[in-house]
>>> print(open('coords.pdb').read())   # PDB, C-alpha atoms, pLDDT in the B column
MODEL        1
ATOM      1  CA  MET I   1     118.790  86.410 166.146  1.00 96.00           C
ATOM      2  CA  ILE I   2     120.926  83.728 164.531  1.00 98.00           C
ATOM      3  CA  ALA I   3     124.451  84.175 163.170  1.00 98.00           C
ATOM      4  CA  VAL I   4     127.055  81.764 161.810  1.00 98.00           C
ATOM      5  CA  GLN I   5     130.298  83.711 161.442  1.00 98.00           C
ATOM      6  CA  GLN I   6     134.104  83.574 161.485  1.00 98.00           C
ATOM      7  CA  ALA I   7     134.408  86.711 163.604  1.00 98.00           C
ATOM      8  CA  ASP I   8     134.647  86.635 167.382  1.00 98.00           C
ATOM      9  CA  PHE I   9     131.740  88.006 169.456  1.00 98.00           C
ATOM     10  CA  ASP I  10     131.353  90.145 172.548  1.00 98.00           C
ATOM     11  CA  ALA I  11     129.110  88.123 174.886  1.00 98.00           C
ATOM     12  CA  GLY I  12     128.359  91.178 177.033  1.00 98.00           C
ATOM     13  CA  GLN I  13     127.204  93.138 174.011  1.00 98.00           C
ATOM     14  CA  LEU I  14     125.063  90.199 172.775  1.00 98.00           C
ATOM     15  CA  ILE I  15     123.367  90.014 176.192  1.00 98.00           C
ATOM     16  CA  ARG I  16     122.698  93.776 176.217  1.00 98.00           C
ATOM     17  CA  GLU I  17     121.265  93.661 172.677  1.00 98.00           C
ATOM     18  CA  LEU I  18     119.131  90.625 173.543  1.00 98.00           C
ATOM     19  CA  HIS I  19     117.728  92.413 176.574  1.00 97.00           C
ATOM     20  CA  GLU I  20     117.055  95.600 174.574  1.00 97.00           C
ATOM     21  CA  ARG I  21     115.182  93.601 171.897  1.00 97.00           C
ATOM     22  CA  SER I  22     112.910  92.176 174.593  1.00 95.00           C
ATOM     23  CA  GLN I  23     111.586  95.714 175.215  1.00 94.00           C
ATOM     24  CA  GLY I  24     110.978  95.483 178.937  1.00 93.00           C
ATOM     25  CA  GLN I  25     109.227  92.079 178.835  1.00 95.00           C
ATOM     26  CA  ALA I  26     112.246  90.073 180.035  1.00 96.00           C
ATOM     27  CA  GLY I  27     112.888  89.750 183.736  1.00 96.00           C
ATOM     28  CA  ALA I  28     115.598  87.182 183.090  1.00 97.00           C
ATOM     29  CA  VAL I  29     118.391  86.571 180.601  1.00 98.00           C
ATOM     30  CA  ALA I  30     120.265  83.245 180.722  1.00 98.00           C
ATOM     31  CA  SER I  31     123.309  82.740 178.513  1.00 98.00           C
ATOM     32  CA  PHE I  32     125.865  80.102 177.643  1.00 98.00           C
ATOM     33  CA  VAL I  33     129.315  80.510 176.068  1.00 98.00           C
ATOM     34  CA  GLY I  34     131.267  77.525 174.714  1.00 98.00           C
ATOM     35  CA  TYR I  35     135.088  77.756 174.409  1.00 97.00           C
ATOM     36  CA  VAL I  36     137.917  75.847 172.744  1.00 97.00           C
ATOM     37  CA  ARG I  37     139.371  73.599 175.443  1.00 93.00           C
ATOM     38  CA  ASP I  38     142.258  71.161 175.569  1.00 91.00           C
ATOM     39  CA  TYR I  39     140.906  67.969 174.006  1.00 87.00           C
ATOM     40  CA  SER I  40     143.616  65.743 175.394  1.00 84.00           C
ATOM     41  CA  ALA I  41     144.884  65.622 178.971  1.00 85.00           C
ATOM     42  CA  SER I  42     148.423  64.868 177.757  1.00 88.00           C
ATOM     43  CA  GLN I  43     148.953  67.947 175.564  1.00 91.00           C
ATOM     44  CA  PRO I  44     147.283  71.257 174.738  1.00 93.00           C
ATOM     45  CA  THR I  45     145.127  71.881 171.692  1.00 94.00           C
ATOM     46  CA  GLN I  46     146.843  74.071 169.111  1.00 95.00           C
ATOM     47  CA  GLU I  47     143.900  74.753 166.822  1.00 96.00           C
ATOM     48  CA  LEU I  48     140.247  73.846 166.463  1.00 97.00           C
ATOM     49  CA  PHE I  49     138.884  74.083 162.929  1.00 98.00           C
ATOM     50  CA  LEU I  50     135.116  74.259 162.577  1.00 98.00           C
ATOM     51  CA  GLU I  51     133.664  73.170 159.248  1.00 98.00           C
ATOM     52  CA  HIS I  52     129.968  73.775 158.559  1.00 98.00           C
ATOM     53  CA  TYR I  53     127.192  73.297 156.011  1.00 98.00           C
ATOM     54  CA  PRO I  54     126.206  76.842 154.989  1.00 98.00           C
ATOM     55  CA  GLY I  55     122.460  77.303 154.754  1.00 97.00           C
ATOM     56  CA  MET I  56     121.554  74.138 156.623  1.00 98.00           C
ATOM     57  CA  CYS I  57     123.284  75.419 159.780  1.00 98.00           C
ATOM     58  CA  GLU I  58     121.185  78.560 159.846  1.00 98.00           C
ATOM     59  CA  GLN I  59     117.999  76.576 159.102  1.00 98.00           C
ATOM     60  CA  GLU I  60     118.655  74.058 161.867  1.00 98.00           C
ATOM     61  CA  LEU I  61     119.484  76.767 164.412  1.00 98.00           C
ATOM     62  CA  ALA I  62     116.316  78.700 163.488  1.00 98.00           C
ATOM     63  CA  ASP I  63     114.287  75.492 163.796  1.00 98.00           C
ATOM     64  CA  ILE I  64     115.794  74.693 167.215  1.00 98.00           C
ATOM     65  CA  ALA I  65     115.087  78.261 168.427  1.00 98.00           C
ATOM     66  CA  GLN I  66     111.501  77.972 167.137  1.00 98.00           C
ATOM     67  CA  GLN I  67     110.984  74.696 169.022  1.00 97.00           C
ATOM     68  CA  ALA I  68     112.268  76.335 172.211  1.00 97.00           C
ATOM     69  CA  MET I  69     109.843  79.250 171.671  1.00 96.00           C
ATOM     70  CA  GLN I  70     106.932  76.798 171.427  1.00 97.00           C
ATOM     71  CA  ARG I  71     107.939  74.914 174.542  1.00 97.00           C
ATOM     72  CA  TRP I  72     108.923  77.715 176.914  1.00 97.00           C
ATOM     73  CA  ASP I  73     107.859  81.288 177.582  1.00 97.00           C
ATOM     74  CA  ILE I  74     110.620  83.078 175.680  1.00 97.00           C
ATOM     75  CA  VAL I  75     110.651  86.736 174.650  1.00 97.00           C
ATOM     76  CA  GLN I  76     113.782  86.741 172.472  1.00 98.00           C
ATOM     77  CA  SER I  77     116.747  84.466 171.722  1.00 98.00           C
ATOM     78  CA  THR I  78     120.237  84.823 170.281  1.00 98.00           C
ATOM     79  CA  ILE I  79     122.415  82.055 168.848  1.00 98.00           C
ATOM     80  CA  VAL I  80     125.890  82.837 167.471  1.00 98.00           C
ATOM     81  CA  HIS I  81     128.196  80.040 166.278  1.00 98.00           C
ATOM     82  CA  ARG I  82     131.708  80.615 164.934  1.00 98.00           C
ATOM     83  CA  VAL I  83     133.327  78.683 162.072  1.00 98.00           C
ATOM     84  CA  GLY I  84     136.835  78.425 160.644  1.00 98.00           C
ATOM     85  CA  ALA I  85     140.153  78.210 162.507  1.00 98.00           C
ATOM     86  CA  LEU I  86     139.934  78.941 166.239  1.00 98.00           C
ATOM     87  CA  SER I  87     142.803  78.880 168.686  1.00 95.00           C
ATOM     88  CA  ARG I  88     142.989  77.578 172.242  1.00 92.00           C
ATOM     89  CA  GLN I  89     140.660  79.310 174.715  1.00 94.00           C
ATOM     90  CA  GLN I  90     138.743  81.219 172.020  1.00 97.00           C
ATOM     91  CA  GLN I  91     134.954  81.461 172.074  1.00 98.00           C
ATOM     92  CA  ILE I  92     132.974  79.061 169.851  1.00 98.00           C
ATOM     93  CA  VAL I  93     129.290  79.514 170.577  1.00 98.00           C
ATOM     94  CA  PHE I  94     126.873  81.871 172.353  1.00 98.00           C
ATOM     95  CA  VAL I  95     123.273  81.128 173.298  1.00 98.00           C
ATOM     96  CA  GLY I  96     121.185  83.756 175.086  1.00 98.00           C
ATOM     97  CA  ILE I  97     117.532  83.558 176.154  1.00 98.00           C
ATOM     98  CA  ALA I  98     115.392  86.437 177.377  1.00 98.00           C
ATOM     99  CA  SER I  99     112.288  85.425 179.314  1.00 98.00           C
ATOM    100  CA  ALA I 100     109.892  86.823 181.889  1.00 96.00           C
ATOM    101  CA  HIS I 101     111.183  84.269 184.432  1.00 95.00           C
ATOM    102  CA  ARG I 102     114.475  82.500 185.078  1.00 97.00           C
ATOM    103  CA  GLY I 103     113.099  78.933 184.912  1.00 97.00           C
ATOM    104  CA  ASP I 104     112.150  79.197 181.257  1.00 97.00           C
ATOM    105  CA  ALA I 105     115.367  81.072 180.422  1.00 98.00           C
ATOM    106  CA  PHE I 106     117.619  78.403 182.017  1.00 98.00           C
ATOM    107  CA  ALA I 107     115.716  75.472 180.514  1.00 97.00           C
ATOM    108  CA  ALA I 108     115.496  76.919 176.986  1.00 98.00           C
ATOM    109  CA  CYS I 109     119.196  77.840 177.006  1.00 98.00           C
ATOM    110  CA  GLU I 110     120.203  74.310 177.983  1.00 97.00           C
ATOM    111  CA  TYR I 111     117.782  72.741 175.492  1.00 97.00           C
ATOM    112  CA  ILE I 112     119.101  74.841 172.611  1.00 98.00           C
ATOM    113  CA  MET I 113     122.695  73.817 173.371  1.00 97.00           C
ATOM    114  CA  ASP I 114     121.733  70.130 173.664  1.00 96.00           C
ATOM    115  CA  ALA I 115     119.796  70.245 170.377  1.00 97.00           C
ATOM    116  CA  LEU I 116     122.540  72.220 168.603  1.00 97.00           C
ATOM    117  CA  LYS I 117     125.148  69.617 169.643  1.00 97.00           C
ATOM    118  CA  THR I 118     123.330  66.797 167.866  1.00 95.00           C
ATOM    119  CA  ARG I 119     121.520  68.566 164.997  1.00 97.00           C
ATOM    120  CA  ALA I 120     123.386  71.631 163.721  1.00 98.00           C
ATOM    121  CA  PRO I 121     125.805  70.615 160.939  1.00 98.00           C
ATOM    122  CA  PHE I 122     129.191  71.688 162.338  1.00 98.00           C
ATOM    123  CA  TRP I 123     132.271  69.459 162.547  1.00 98.00           C
ATOM    124  CA  LYS I 124     135.364  70.005 164.697  1.00 97.00           C
ATOM    125  CA  ARG I 125     138.878  69.152 163.577  1.00 97.00           C
ATOM    126  CA  GLU I 126     141.446  69.202 166.372  1.00 96.00           C
ATOM    127  CA  THR I 127     145.124  69.890 165.882  1.00 96.00           C
ATOM    128  CA  LEU I 128     147.183  69.091 168.971  1.00 95.00           C
ATOM    129  CA  ALA I 129     150.425  70.815 169.978  1.00 93.00           C
ATOM    130  CA  ASP I 130     152.525  68.017 168.393  1.00 94.00           C
ATOM    131  CA  GLY I 131     150.759  68.564 165.046  1.00 94.00           C
ATOM    132  CA  LYS I 132     148.555  65.470 165.199  1.00 94.00           C
ATOM    133  CA  ALA I 133     145.166  66.307 163.651  1.00 95.00           C
ATOM    134  CA  PHE I 134     141.856  64.427 163.694  1.00 95.00           C
ATOM    135  CA  TRP I 135     138.095  64.930 163.306  1.00 96.00           C
ATOM    136  CA  VAL I 136     136.348  64.909 166.671  1.00 95.00           C
ATOM    137  CA  GLN I 137     133.898  62.011 166.994  1.00 94.00           C
ATOM    138  CA  ALA I 138     130.362  62.603 168.269  1.00 93.00           C
ATOM    139  CA  ARG I 139     129.691  61.386 171.791  1.00 89.00           C
ATOM    140  CA  SER I 140     126.694  59.236 172.692  1.00 87.00           C
ATOM    141  CA  SER I 141     126.306  61.316 175.877  1.00 89.00           C
ATOM    142  CA  ASP I 142     125.237  64.264 173.691  1.00 89.00           C
ATOM    143  CA  GLU I 143     122.440  62.162 172.138  1.00 88.00           C
ATOM    144  CA  GLN I 144     121.371  61.046 175.606  1.00 90.00           C
ATOM    145  CA  ARG I 145     121.185  64.646 176.804  1.00 89.00           C
ATOM    146  CA  LEU I 146     118.821  65.511 173.944  1.00 89.00           C
ATOM    147  CA  GLU I 147     116.689  62.399 174.575  1.00 90.00           C
ATOM    148  CA  LYS I 148     116.233  63.590 178.163  1.00 88.00           C
ATOM    149  CA  TRP I 149     114.221  66.580 176.821  1.00 90.00           C
ATOM    150  CA  THR I 150     111.997  64.333 174.692  1.00 85.00           C
ATOM    151  CA  GLN I 151     111.317  62.082 177.693  1.00 86.00           C
ATOM    152  CA  GLN I 152     110.436  65.110 179.831  1.00 85.00           C
ATOM    153  CA  GLN I 153     108.036  66.325 177.143  1.00 83.00           C
ATOM    154  CA  ASP I 154     106.415  62.864 176.888  1.00 83.00           C
ATOM    155  CA  ALA I 155     106.035  62.723 180.683  1.00 82.00           C
ATOM    156  CA  ALA I 156     104.514  66.211 180.712  1.00 78.00           C
ATOM    157  CA  ALA I 157     102.083  65.255 177.918  1.00 76.00           C
ATOM    158  CA  GLN I 158     100.999  62.143 179.835  1.00 74.00           C
ATOM    159  CA  THR I 159     100.358  64.032 183.048  1.00 68.00           C
ATOM    160  CA  ARG I 160      98.223  66.510 181.124  1.00 61.00           C
ATOM    161  CA  ILE I 161      95.861  63.855 179.752  1.00 57.00           C
ATOM    162  CA  PRO I 162      93.751  63.399 182.947  1.00 53.00           C
ATOM    163  CA  GLU I 163      93.271  67.156 183.109  1.00 45.00           C
ATOM    164  CA  GLN I 164      91.814  67.197 179.610  1.00 46.00           C
ATOM    165  CA  GLU I 165      89.317  64.427 180.344  1.00 41.00           C
TER     166      GLU I 165
ATOM    167  CA  MET M   1     121.468  64.461 138.281  1.00 95.00           C
ATOM    168  CA  ILE M   2     121.771  65.106 141.996  1.00 97.00           C
ATOM    169  CA  ASN M   3     124.158  67.544 143.601  1.00 98.00           C
ATOM    170  CA  ILE M   4     126.222  65.841 146.316  1.00 98.00           C
ATOM    171  CA  LEU M   5     128.091  67.603 149.121  1.00 98.00           C
ATOM    172  CA  TYR M   6     130.728  65.860 151.242  1.00 98.00           C
ATOM    173  CA  PHE M   7     131.743  67.317 154.586  1.00 98.00           C
ATOM    174  CA  ALA M   8     134.625  67.005 157.038  1.00 98.00           C
ATOM    175  CA  ARG M   9     136.134  63.482 157.209  1.00 97.00           C
ATOM    176  CA  ILE M  10     133.863  62.264 154.401  1.00 98.00           C
ATOM    177  CA  ALA M  11     135.304  64.933 152.079  1.00 98.00           C
ATOM    178  CA  GLU M  12     138.802  63.689 152.953  1.00 97.00           C
ATOM    179  CA  LEU M  13     137.904  60.039 152.288  1.00 96.00           C
ATOM    180  CA  THR M  14     136.198  60.721 148.956  1.00 97.00           C
ATOM    181  CA  GLY M  15     138.761  63.338 147.950  1.00 97.00           C
ATOM    182  CA  LYS M  16     135.909  65.656 146.937  1.00 97.00           C
ATOM    183  CA  ARG M  17     133.748  68.334 148.443  1.00 98.00           C
ATOM    184  CA  THR M  18     131.072  68.283 145.741  1.00 98.00           C
ATOM    185  CA  GLU M  19     130.096  66.210 142.748  1.00 97.00           C
ATOM    186  CA  GLN M  20     127.126  65.517 140.518  1.00 97.00           C
ATOM    187  CA  ARG M  21     125.904  61.973 139.958  1.00 95.00           C
ATOM    188  CA  ALA M  22     123.153  60.573 137.805  1.00 94.00           C
ATOM    189  CA  LEU M  23     119.979  59.374 139.508  1.00 94.00           C
ATOM    190  CA  PRO M  24     118.040  57.220 137.017  1.00 93.00           C
ATOM    191  CA  ALA M  25     115.084  56.795 139.409  1.00 96.00           C
ATOM    192  CA  PRO M  26     114.109  57.947 142.908  1.00 97.00           C
ATOM    193  CA  VAL M  27     115.784  55.857 145.634  1.00 97.00           C
ATOM    194  CA  THR M  28     115.705  55.687 149.420  1.00 98.00           C
ATOM    195  CA  VAL M  29     118.633  57.065 151.380  1.00 97.00           C
ATOM    196  CA  ASN M  30     119.558  53.524 152.455  1.00 96.00           C
ATOM    197  CA  ALA M  31     119.675  52.201 148.888  1.00 96.00           C
ATOM    198  CA  TRP M  32     121.576  55.224 147.678  1.00 96.00           C
ATOM    199  CA  LEU M  33     124.170  54.892 150.477  1.00 96.00           C
ATOM    200  CA  ALA M  34     124.816  51.309 149.355  1.00 94.00           C
ATOM    201  CA  GLN M  35     125.632  52.651 145.863  1.00 94.00           C
ATOM    202  CA  LEU M  36     127.883  55.309 147.360  1.00 95.00           C
ATOM    203  CA  HIS M  37     129.814  52.671 149.333  1.00 95.00           C
ATOM    204  CA  GLU M  38     130.502  50.859 146.050  1.00 95.00           C
ATOM    205  CA  ALA M  39     131.840  54.060 144.512  1.00 95.00           C
ATOM    206  CA  TYR M  40     133.932  54.922 147.585  1.00 97.00           C
ATOM    207  CA  PRO M  41     135.115  51.775 149.424  1.00 96.00           C
ATOM    208  CA  ALA M  42     137.001  53.987 151.906  1.00 95.00           C
ATOM    209  CA  LEU M  43     133.647  54.896 153.460  1.00 96.00           C
ATOM    210  CA  LYS M  44     133.536  51.452 155.096  1.00 92.00           C
ATOM    211  CA  ASP M  45     135.730  52.868 157.891  1.00 89.00           C
ATOM    212  CA  ILE M  46     132.978  55.293 158.915  1.00 94.00           C
ATOM    213  CA  GLY M  47     130.840  54.006 161.776  1.00 91.00           C
ATOM    214  CA  VAL M  48     127.800  56.232 161.268  1.00 94.00           C
ATOM    215  CA  LEU M  49     126.988  58.096 158.037  1.00 96.00           C
ATOM    216  CA  LYS M  50     124.389  60.847 158.171  1.00 97.00           C
ATOM    217  CA  VAL M  51     122.519  62.210 155.164  1.00 98.00           C
ATOM    218  CA  ALA M  52     120.693  65.480 154.590  1.00 98.00           C
ATOM    219  CA  VAL M  53     118.384  65.959 151.608  1.00 98.00           C
ATOM    220  CA  ASN M  54     117.770  69.552 150.546  1.00 98.00           C
ATOM    221  CA  LYS M  55     119.369  70.790 153.794  1.00 98.00           C
ATOM    222  CA  LYS M  56     117.140  68.706 156.064  1.00 98.00           C
ATOM    223  CA  HIS M  57     118.224  65.675 158.109  1.00 98.00           C
ATOM    224  CA  ALA M  58     117.084  62.543 156.280  1.00 98.00           C
ATOM    225  CA  GLN M  59     116.091  59.097 157.566  1.00 97.00           C
ATOM    226  CA  ALA M  60     116.945  55.708 156.036  1.00 96.00           C
ATOM    227  CA  ASP M  61     113.604  55.651 154.179  1.00 97.00           C
ATOM    228  CA  THR M  62     113.696  59.273 152.938  1.00 98.00           C
ATOM    229  CA  VAL M  63     113.388  59.256 149.140  1.00 98.00           C
ATOM    230  CA  ILE M  64     115.980  61.080 147.018  1.00 98.00           C
ATOM    231  CA  HIS M  65     114.673  62.621 143.785  1.00 98.00           C
ATOM    232  CA  ASP M  66     116.313  64.038 140.691  1.00 97.00           C
ATOM    233  CA  ARG M  67     117.831  67.525 141.266  1.00 97.00           C
ATOM    234  CA  ASP M  68     117.948  67.081 145.053  1.00 98.00           C
ATOM    235  CA  GLU M  69     120.906  68.349 147.055  1.00 98.00           C
ATOM    236  CA  VAL M  70     122.256  65.416 149.063  1.00 98.00           C
ATOM    237  CA  ALA M  71     124.838  65.950 151.809  1.00 98.00           C
ATOM    238  CA  ILE M  72     126.880  63.171 153.447  1.00 98.00           C
ATOM    239  CA  PHE M  73     128.600  63.595 156.786  1.00 98.00           C
ATOM    240  CA  GLU M  74     129.489  62.049 160.126  1.00 97.00           C
ATOM    241  CA  PRO M  75     127.410  62.844 163.234  1.00 97.00           C
ATOM    242  CA  VAL M  76     127.818  66.541 163.975  1.00 97.00           C
ATOM    243  CA  THR M  77     130.203  67.878 166.633  1.00 97.00           C
ATOM    244  CA  GLY M  78     129.533  71.609 166.940  1.00 96.00           C
ATOM    245  CA  GLY M  79     128.915  73.689 170.047  1.00 95.00           C
TER     246      GLY M  79
ENDMDL
END
>>> encode(input="coords.pdb", output="structure tokens")
Amino acid sequence: MIAVQQADFDAGQLIRELHERSQGQAGAVASFVGYVRDYSASQPTQELFLEHYPGMCEQELADIAQQAMQRWDIVQSTIVHRVGALSRQQQIVFVGIASAHRGDAFAACEYIMDALKTRAPFWKRETLADGKAFWVQARSSDEQRLEKWTQQQDAAAQTRIPEQE
Amino acid sequence: MINILYFARIAELTGKRTEQRALPAPVTVNAWLAQLHEAYPALKDIGVLKVAVNKKHAQADTVIHDRDEVAIFEPVTGG
């Protein structure tokens, strides 16, 4: 299930619904919630505005979820991302993975967040308590986190080659 | 004509969220971005410009055709 919405979400309810959709096949549900935090150490964040590209966001999230399904043993997944004006400490994003086993659930949940951070077309505009506003700049550490998954996949593919021969 | 969408800081720098521009012949993303920089000199302040064609991330050599939807934005910062 994928949703891009202004409205807040109830993470507990999303987890229950995710587990119900997995119809007894999931022994594990791993979830992640991202929140609005203070961007600067010197002063609190007043507002975080999330702009997005309607249509492409949903497509990218569906594509990321599909890639996770192909790579790990996943029964069901849920991705909810909020847009619009959010205030300090509010929820931004939810990712939930239902799987037979915890290893796949943890890994897929982390992968989806890492991929979302560098691929899904959302942009954050911070307004600090003193009124100063700016567009948040992407961090190279996010790209590096995603590359880590590609490297792991390459390494796994290489170790499989002798088995095929 | 192609339909262009500007997002976030790029929309602020161009002063537009959407516009239509003529595309006499298919061009690569790289060549088209060079034209866009001529139209909007303010874009020179942007370190990395990303392009999506028809709602898919494009590469420098992706070809833009007539009637495509082309989106311009900075690297994404969601999550």
>>> residues_around(input="coords.pdb", residues="Pro41 of chain M", least_positions_apart="4", cutoff="10 Å", atoms="all atoms listed in the file", output="ChimeraX atom specification")
/M:13-14,36-37,45
>>> closest_residue(input="coords.pdb", among="I:Trp149, I:Phe122, I:Phe32, I:Phe134", to="Thr78 of chain I", atoms="only C-alpha atoms")
I:Phe32
>>> closest_atom_pairs(input="coords.pdb", of="chain M", to="chain I", cutoff="12 Å", atoms="only C-alpha atoms", output="tab-separated table")
residue	atom	partner	partner_atom	distance
M:Leu5	CA	I:Tyr53	CA	9.0
M:Tyr6	CA	I:Tyr53	CA	9.5
M:Phe7	CA	I:Tyr53	CA	7.6
M:Ala8	CA	I:Trp123	CA	6.5
M:Arg9	CA	I:Trp135	CA	6.6
M:Ile10	CA	I:Trp135	CA	10.2
M:Ala11	CA	I:Glu51	CA	11.0
M:Glu12	CA	I:Trp135	CA	10.5
M:Arg17	CA	I:Tyr53	CA	11.2
M:Ile46	CA	I:Gln137	CA	10.5
M:Gly47	CA	I:Gln137	CA	10.0
M:Val48	CA	I:Ala138	CA	9.8
M:Leu49	CA	I:Ala138	CA	11.7
M:Lys50	CA	I:Pro121	CA	10.3
M:Val51	CA	I:Pro121	CA	10.7
M:Ala52	CA	I:Met56	CA	8.9
M:Val53	CA	I:Met56	CA	10.1
M:Asn54	CA	I:Met56	CA	8.5
M:Lys55	CA	I:Met56	CA	4.9
M:Lys56	CA	I:Met56	CA	7.0
M:His57	CA	I:Arg119	CA	8.2
M:Ala58	CA	I:Arg119	CA	11.5
M:Glu69	CA	I:Met56	CA	11.2
M:Val70	CA	I:Met56	CA	11.6
M:Ala71	CA	I:Tyr53	CA	8.8
M:Ile72	CA	I:Tyr53	CA	10.5
M:Phe73	CA	I:Pro121	CA	8.6
M:Glu74	CA	I:Gln137	CA	8.2
M:Pro75	CA	I:Ala138	CA	5.8
M:Val76	CA	I:Pro121	CA	5.5
M:Thr77	CA	I:Trp123	CA	4.8
M:Gly78	CA	I:Phe122	CA	4.6
M:Gly79	CA	I:Lys117	CA	5.6
>>> residues_around(input="coords.pdb", residues="Asp61 of chain M", least_positions_apart="6", cutoff="8 Å", atoms="all atoms listed in the file", output="list in words")
Thr28, Val29 and Asn30 of chain M
>>> resolve_selection(input="coords.pdb", expression="the PyMOL selection byres ((chain I and resi 103) around 12)", output="PyMOL selection string")
chain I and resi 27-30+72-74+97-102+104-110
>>> atom_distance(input="coords.pdb", atom1="atom CA of Arg88 of chain I", atom2="atom CA of Asp10 of chain I")
17.1 Å
>>> atom_distance(input="coords.pdb", atom1="atom CA of Glu147 of chain I", atom2="atom CA of Ala60 of chain M")
19.7 Å
>>> atom_distance(input="coords.pdb", atom1="atom CA of Leu48 of chain I", atom2="atom CA of Ala85 of chain I")
5.9 Å
>>> axis_aligned_box(input="coords.pdb", around="segment 37-50 of chain M", padding_each_side="6 Å", output="lines of an AutoDock Vina configuration file")
center_x = 130.7
center_y = 55.9
center_z = 153.1
size_x = 24.6
size_y = 22.0
size_z = 29.3
